[in-house]
Each structure stands twice: as structure tokens, then as C-alpha cells.
Amino acid sequence: MPQRQILVTSALPYANGPIHLGHLVEYIQTDIWVRFQKMRGHRTVYVCADDTHGTAIMLSARKHGISEEQWIGQMSQQHQQDFADFHIQFDQYGSTHSSENRELCQQIWAQALAKKLIDSRDVQQLYDPEQSTFLSDRFVKGKCPKCGAPDQAGDNCDKCGHTYSAIELIDPVSTISGSQPEIRSAPHFFFQLEKCREVVEDWIARPGTLQSETANYLRGHFLSDRLRDWDLSRTAPYFGFEIPNQPGHYWYVWFDAPVGYIATTWQWCQSQGENLNDWWRNPAAEIHHFIGKDIVYFHTLFWPAILHTAEYALPTRVHVHGFLTVNGRKMSKRDGTFIRGRKYLEHVQPAYLRYYYATKLGDNQDDLDLNIAEFVEKVNSDLVNKVVNLVSRCAKFGTQTGLSARYPDDEGRFAYAAAQSEVIAAAYDAGELSKAMRLIMELADRANQFVDQAQPWKLAKVPEQVDRLRDVVTITLNLYRQIAIYLAPVLPTLQQQSAQLLGEPLNDWRLAQQPLLNQSIGTYAHFMQRLDIKDVEKMIEETKQENAAAAAADSATTTGGGATTNVDSDAAVLAEPLAAECTIEDFGKVDLRVARILSAEEVPEARKLLKLVVSLGGDQTRQVFAGIKAAYNPADLVGRLVVIVANLKPRQMKFGLSEGMVCAAGSGGAEVFLLSPDSGAVPGQRVH
RNA sequence: GGGCCGGUAGCUCAGUUGGUUAGAGCAGGGGACUCAUAAUCCCUUGGUCGCGGGUUCGAGUCCUGCCCGGCCUACCA
């Protein structure tokens, strides 16, 4: 098999919110595909980056009172931690706000200008005078100019379906400030896509470039007509790259975002001593984009046109997937189904989601439903009861006997699974992950059937049968080993555990062709635990509560203009009057940090204390005794974020050393309320 | 409004260019076994293939109308 050279990207997550289970459909799918290609021995590079520009990010930074750079910096850190914890392994993770990206954008822009593809003309737009910003359609509401329906966004009416321009809205209101926007005119720069029609049409017609539904969609919706010009610019204030020689004008985020794919590849090349042109201007190298169906047209119309303009290679294939629904419905904050990756990890291991998604993903754009009951059943019945069970039921014998020196007659079972190698590989390669999973589970069924027939538990009772027992173990573990290899792209942790037990790395697809022999077997400890639906339900319940709390807090801040009456009693502040004034320097002496509770346990001899171990990120942990026993159940605390006084002088207590203090409000006893940061905060961040 | 996609057993899905009594996994029912994480193995009950027309010797598969769901519809990210 000739070695392929494959560059793979996932869509760039927008640096304006945490990674949720919907995002993960894509990253997990891509990561599985990449791991598979690497196991097949192909030279594969997987790059991704945070998408950091645009009005929304500018506004978020403003709202939190920090610079855009600070905002996207902490977002990026959070995203990368989430990805790593779901075992998504990028070769390079960058940012669109990088010097490499700016330079590439400038080069591409210069070529577009030189080829006379950029046109400039005035555009009328709504402007928020209070916030001093132009308003994109999503930040304005008004009455539909056609049917008069209230509260419609700036592009189309969801009541009558009429599409219009934001300046046509009746009584428009800025959703940022609540003020009445004015109409202002400003020049914008347009990319003349129609001039690239032939390039795009040829590219779409290349076999393998697109799934048929994507090609149909493009032909039916765009290419049947004149391709409209694409507005590539935005007017200040905007967070992004300023256009050279055009002060006050910025590239629209969708211009510089996909260029981030190249920029991040470039960063990787620099770190590896590779040449960028070997990946982006090399006809022998493949380029694969994985994206969701909502951003198809950016990747399949503008992007190939831009690439062609700048004389880069066009993508080999754009893999488009559908959206995630939960229990058959759109993810919703109110239902608690808008689940953050971090929240998932507090309750369930990443391997289960990776496997479940794999069983449901094909090479199509159908939405994928995360059905909670099915999720639990599938994980338990496939992974625990079938696959891991194979090891679980014979490892004990294997530890006693080791593996035979010669592979025994197994009536063609190993050979069958070895022959399935290419069928399974073809399914992986085509993105038919659900088919690959089905084929692999069939192998697990066959192996379990073998064990039932061979009855090793009976052989183990007869000392003279030890040779036969060793043979049965050899067959079973080799059949299991093939399965572990085939599942390795999906379940890297299982791959490692299996490798350790078998004393051999399972990092190459071809290993499934030859049995492992003459090997001693380590001691087995459960590779996976059965999943309890209660854990999943708890995850949803907590998400629901957090979202409700966040929504309440949000509405409290946005309606804080005096219209709402404050009904809180003054009892608390009277009970504990304010302390004497302190200076900012005084406050600075107290180092408050966000921390995650790693473990919580009762201190039996203590009346009020719980012993907590909290993490400040990395391997920095603190042991803290907190007087919250009456108010909190230890099991409920594990995983949650709290605020601690991190530089408090350690204090030796009867039960051990306390290295900090957990912040809480309340009068004491059962009336104790731990402080939690809003979602987005990560352990180690200082509270200012 | 327009475009694309989907609608197959209780659930999640396979069904290649139309061809014999429509398949799998899970769930349900019965039995076996006891090595294994209430795991495993054997047998088994479930379907007017969204609805109505049409083409054909023959339609889940092709055409057409309708119903339901998802996405897109361009200075939205």
C-alpha cells in the first residue's frame, strides 16, 4: 500500500464559548479518522485552531472588562484542555490571531487585488451610537417590514419568511445596548466570486470531493444563478486584522478563519522543519476538511476560490456531518441538554462518547441523536459486556499459562478476523464509522462464542489439560487483540491498557495479521466500568440548573436599569456589617484562585469538617479542611469549581495540614454556600 | 417562499445499478451455562418500508403530489 500524505482539519471552534457535546461530534469524528490513518502508516497531520475574530468576541471581551487578547487567550487554553481530555490529539493547535495568519491573509489579499477580484462599494448599515459599533444582523431586532411581526432579526422574518436588509426593519433596536441604531454608510470590499465560477464548478465535479448531497445543494442553490459578490470587510470597531492601506477596515472573520488552516500548518512546519508548500501546494498531498453542515458554503464556494486565487491546492475532500440532537430534540439550555464537554467529563469517561458517536456516524449529513438510554445500553452491552468481557473472562487463566509458542488450530477464527482488516479499514477510510463498529462488534460476538464452546473454566479444573487451556487463552486473547487494534482509533485508552496487558504496543494496523505468541500475560484489572444511567441523568440535571442560574444572572444584569425592584432583605448585611475600608494593595495580598475539587471526604472525628483536595491545574494540588460538612455531601462536591484563598499560611490541624481556605457565604452550619465561578473559568485563574 | 437532505421492527440504523418469503444490534419472550463487570451462548416475538397516485412482469429502491422533521437561504457567527 503506498504511503499517503494527508493533511486534516476540523472546523475552528469560535473563541466565544466552551466546547459542548455538539462540537465534539466533529472533533471526535476527525480524531478517529486521523488516528486510523496514522495507524495505517500514512503521513498524517491534524491541525486546528481557535477562531478568534469578529464582533461577538469584541463584545464578550468588553462585557468582561478585559482585552480581546486576554479573552481569546483563556478561551484557547480552555478549549485545548477540553480537547486533550477527550483524547483529541492535534499535531498543532493555533489561533487565527497569529502573526502567521496575518501574513498569509496579506499575501492572499495582495494576490486577489492583483487578479482584480476585489471590488469596493458603499454599504448602508445600522450603527449603534451608544456602543460605537456597526451592528450585524444578529445584534438588531425590529418589526418585519413585510408582515410587521415584532422581534425579528436583521436578515429575515421567522414568521413570514421574508428576507430583507437590516436597514428596512421597522423600529430597529440594538440588542447590545437597547438604543435605537442609526443608518450609516461605509465602504466595503467585495470578492467577486462569479469570476471564479469555473474553478469552483470543476472542483465540485471532481469525484470524491463532496458528498452527493453537498454537491446537489451547491448546484441547486448557488451555481444555478450568478454567484453574488462576497463582502470580505468590516468597519471599525471590529476585532480582527486591519486591511493593509485601509485604516478602519478589517477582514471579515470568515476570510481569515479558513486561512487559519494554512497558518496553523505553517506553524507545525516551522516546528518540524517541514516546508509549507509540501502540504498546501503539492498535488500528491491530500487535504481533508471536516465541518458541520451549517458552514458548507464557506468551505465549498469561497474557500476553493480563495485557495485558487492564492495558488494553493484545493481540498481533496470536504467531509460534512450533521448536528447533534439529544433525546431526539435540538440541544437546549432549558432542557439541560446543552452539555459542555467539561461537565460531561465530570460524570462520564470520554471513551464512551467516542465509541457512541462512532457507532452513529456515517458519511452523511444526517443529524446524530444522543439518546441517553441508548448511550448507556450501547456502551455497556458493546464495550463492557462484549469486548472487555473477552479479557475479563480469560485473563485470569492467561496470567497462569501465558501464550502458546505456536498458534493453535482455531478453525479459521483468527484468519477470518485478519481478513476483515481491509473491510473494516475501508469503512474507516470512507468515514463509515458506524459500519466499522458493526463489523468489529461482530468479531467480538464470534470470539465470545468461541470461549463458550471451548469452556476454559472446565479445562482449568483439570491439571492435565493445561496445554489445551493455554491454547484456548492464546486464541481468545489473540482474537481480542485484533479487536483492540481495530478499535484503537476510537478508544486510545483501551489500546494502551491492552498493550500493557499483552506486553506489546498495538499501534500498527498490520499487527492484526499475525498472532502474538510465547508471551506472558500481566495481571488484569477492569479496563472499563459499566455506565450507570444515573450518572448521565445527573449530568443533565446539573446542566439544567447551571443554565437556569446563568440565565437568571444574565437577566439580572441586563435588566438592572432600575426598572426591576430589589426585593432582597437587608438582614444579612445588618448581621455582619461591612469591614473597615481597605486599599487595592491590601486586597492584592489575598491571592484568590479558582480551583477544582478533586476529592472530598468526611473527617470522621470532626464535627464540621470535610477534607478536600483541590487542584489549581497541572499537578498543583492543595489539601484543605473546610467547615461545610453540614451543608454539603462529599460526593456532590467532586469535580466542581470553587474559589480558594491560595496564599493563606498553612495551618496544622488535628486531622492534618490545611493549605488554604475555600470561600463560602452564609451564616454557618447548614447555611453555607460555596462560591462558584461562572462557566468558562479554569483552575489556577486568579480572582481579581 | 426557494434549495438540499431525511422519514424502514419499541429504539438506533443496514438495505449495492428495481428481482426470490425486507436485515442487524439493542430492548421484549423462552432455554443453556457459571470463566466473566446481573456479563456470555442458543432459540424466538416484532415491520401496509411516512401517505396517495404512477411506470414496470416485478418498487423500500424509479417518477409525481402531499404530510412530518433537519439544515441552508449570502455584509449571520
# chains A, B, ... in the order shown; residues from 1 in each chain; ligands from 1
$ residues_around --residues "G53 in chain B" --least-positions-apart "2" --cutoff "12 Å" --atoms "only C-alpha atoms (C1' of nucleotides)" --output "list in words"
C51, U55, C63, U64, G65 and C66 of chain B
$ select_by_dssp --residues "range 422-509 of chain A" --states "alpha helix (DSSP H)" --output "JSON, numbers by chain"
{"A": [422, 423, 424, 425, 426, 427, 428, 429, 433, 434, 435, 436, 437, 438, 439, 440, 441, 442, 443, 444, 445, 446, 447, 448, 449, 450, 451, 452, 453, 454, 456, 457, 458, 459, 466, 467, 468, 469, 470, 471, 472, 473, 474, 475, 476, 477, 478, 479, 480, 481, 482, 483, 484, 485, 486, 487, 492, 493, 494, 495, 496, 497, 498, 499, 500, 501, 502]}
$ interface_residues --of "chain B" --to "chain A" --cutoff "6 Å" --atoms "only C-alpha atoms (C1' of nucleotides)" --output "list of chain:residue names"
B:G3, B:C4, B:C35, B:A36, B:A39, B:C75
$ closest_residue --among "A:Ser99, A:Ala305, A:Glu68, A:Ala166" --to "C76 in chain B" --atoms "only C-alpha atoms (C1' of nucleotides)"
A:Ala166
$ atom_distance --atom1 "CA of Gln482 in chain A" --atom2 "CA of Asp467 in chain A"
22.7 Å
$ residues_around --residues "Leu479 in chain A" --least-positions-apart "5" --cutoff "12 Å" --atoms "only C-alpha atoms (C1' of nucleotides)" --output "PyMOL selection string"
chain A and resi 387-388+390-391+394+407+410+412-418+440-451+472-474+484-486+511-516
$ residues_around --residues "G60 in chain B" --least-positions-apart "6" --cutoff "8 Å" --atoms "only C-alpha atoms (C1' of nucleotides)" --output "PDB file with N, CA and C atoms (P, O5', C5', C4', C3', O3' and C1' of nucleotides), in the first residue's frame"
ATOM      1  P     U B   8     -38.232   5.684   9.583  1.00  0.00           P
ATOM      2  O5'   U B   8     -38.434   4.160   9.201  1.00  0.00           O
ATOM      3  C5'   U B   8     -39.546   3.802   8.369  1.00  0.00           C
ATOM      4  C4'   U B   8     -39.343   2.392   7.899  1.00  0.00           C
ATOM      5  C3'   U B   8     -38.848   1.427   8.965  1.00  0.00           C
ATOM      6  O3'   U B   8     -39.930   0.960   9.753  1.00  0.00           O
ATOM      7  C1'   U B   8     -37.556   1.153   7.027  1.00  0.00           C
ATOM      8  P     A B  22     -40.135 -10.373   2.787  1.00  0.00           P
ATOM      9  O5'   A B  22     -38.617 -10.511   3.246  1.00  0.00           O
ATOM     10  C5'   A B  22     -37.566 -10.073   2.378  1.00  0.00           C
ATOM     11  C4'   A B  22     -36.837  -8.918   2.999  1.00  0.00           C
ATOM     12  C3'   A B  22     -36.526  -9.064   4.489  1.00  0.00           C
ATOM     13  O3'   A B  22     -35.321  -9.771   4.626  1.00  0.00           O
ATOM     14  C1'   A B  22     -37.255  -6.861   3.974  1.00  0.00           C
ATOM     15  P     C B  49     -45.188  -1.015   4.142  1.00  0.00           P
ATOM     16  O5'   C B  49     -43.841  -0.400   4.683  1.00  0.00           O
ATOM     17  C5'   C B  49     -43.809   0.850   5.408  1.00  0.00           C
ATOM     18  C4'   C B  49     -42.341   1.205   5.411  1.00  0.00           C
ATOM     19  C3'   C B  49     -41.968   2.139   4.260  1.00  0.00           C
ATOM     20  O3'   C B  49     -41.487   3.319   4.894  1.00  0.00           O
ATOM     21  C1'   C B  49     -40.556   0.206   4.311  1.00  0.00           C
TER      22        C B  49
END
$ atom_distance --atom1 "CA of Gln92 in chain A" --atom2 "CA of Cys48 in chain A"
6.6 Å
$ closest_residue --among "A:Thr44, A:Thr523, A:Thr316, A:Gln81" --to "Thr209 in chain A" --atoms "only C-alpha atoms"
A:Thr316
$ residues_around --residues "Lys38 in chain A" --least-positions-apart "6" --cutoff "12 Å" --atoms "only C-alpha atoms (C1' of nucleotides)" --output "PyMOL selection string"
chain A and resi 3-8+31-32+44-46+89+91+429+488-489+507-510
$ atom_distance --atom1 "CA of Gln495 in chain A" --atom2 "CA of Arg340 in chain A"
26.1 Å
$ select_by_dssp --residues "range 262-343 of chain A" --states "strand (DSSP E or B)" --output "list in words"
Ala285, Glu286, Ile287, His288, His289, Phe290, Ile291, Gly292, Arg317, Val318, His319, Val320, His321, Leu324, Thr325, Val326, Arg329, Lys330 and Arg340 of chain A
$ residues_around --residues "G29 in chain B" --least-positions-apart "3" --cutoff "12 Å" --atoms "only C-alpha atoms (C1' of nucleotides)" --output "VMD selection string"
chain B and resid 43 to 46
$ residues_around --residues "G50 in chain B" --least-positions-apart "6" --cutoff "10 Å" --atoms "only C-alpha atoms (C1' of nucleotides)" --output "PyMOL selection string"
chain B and resi 7+67-68
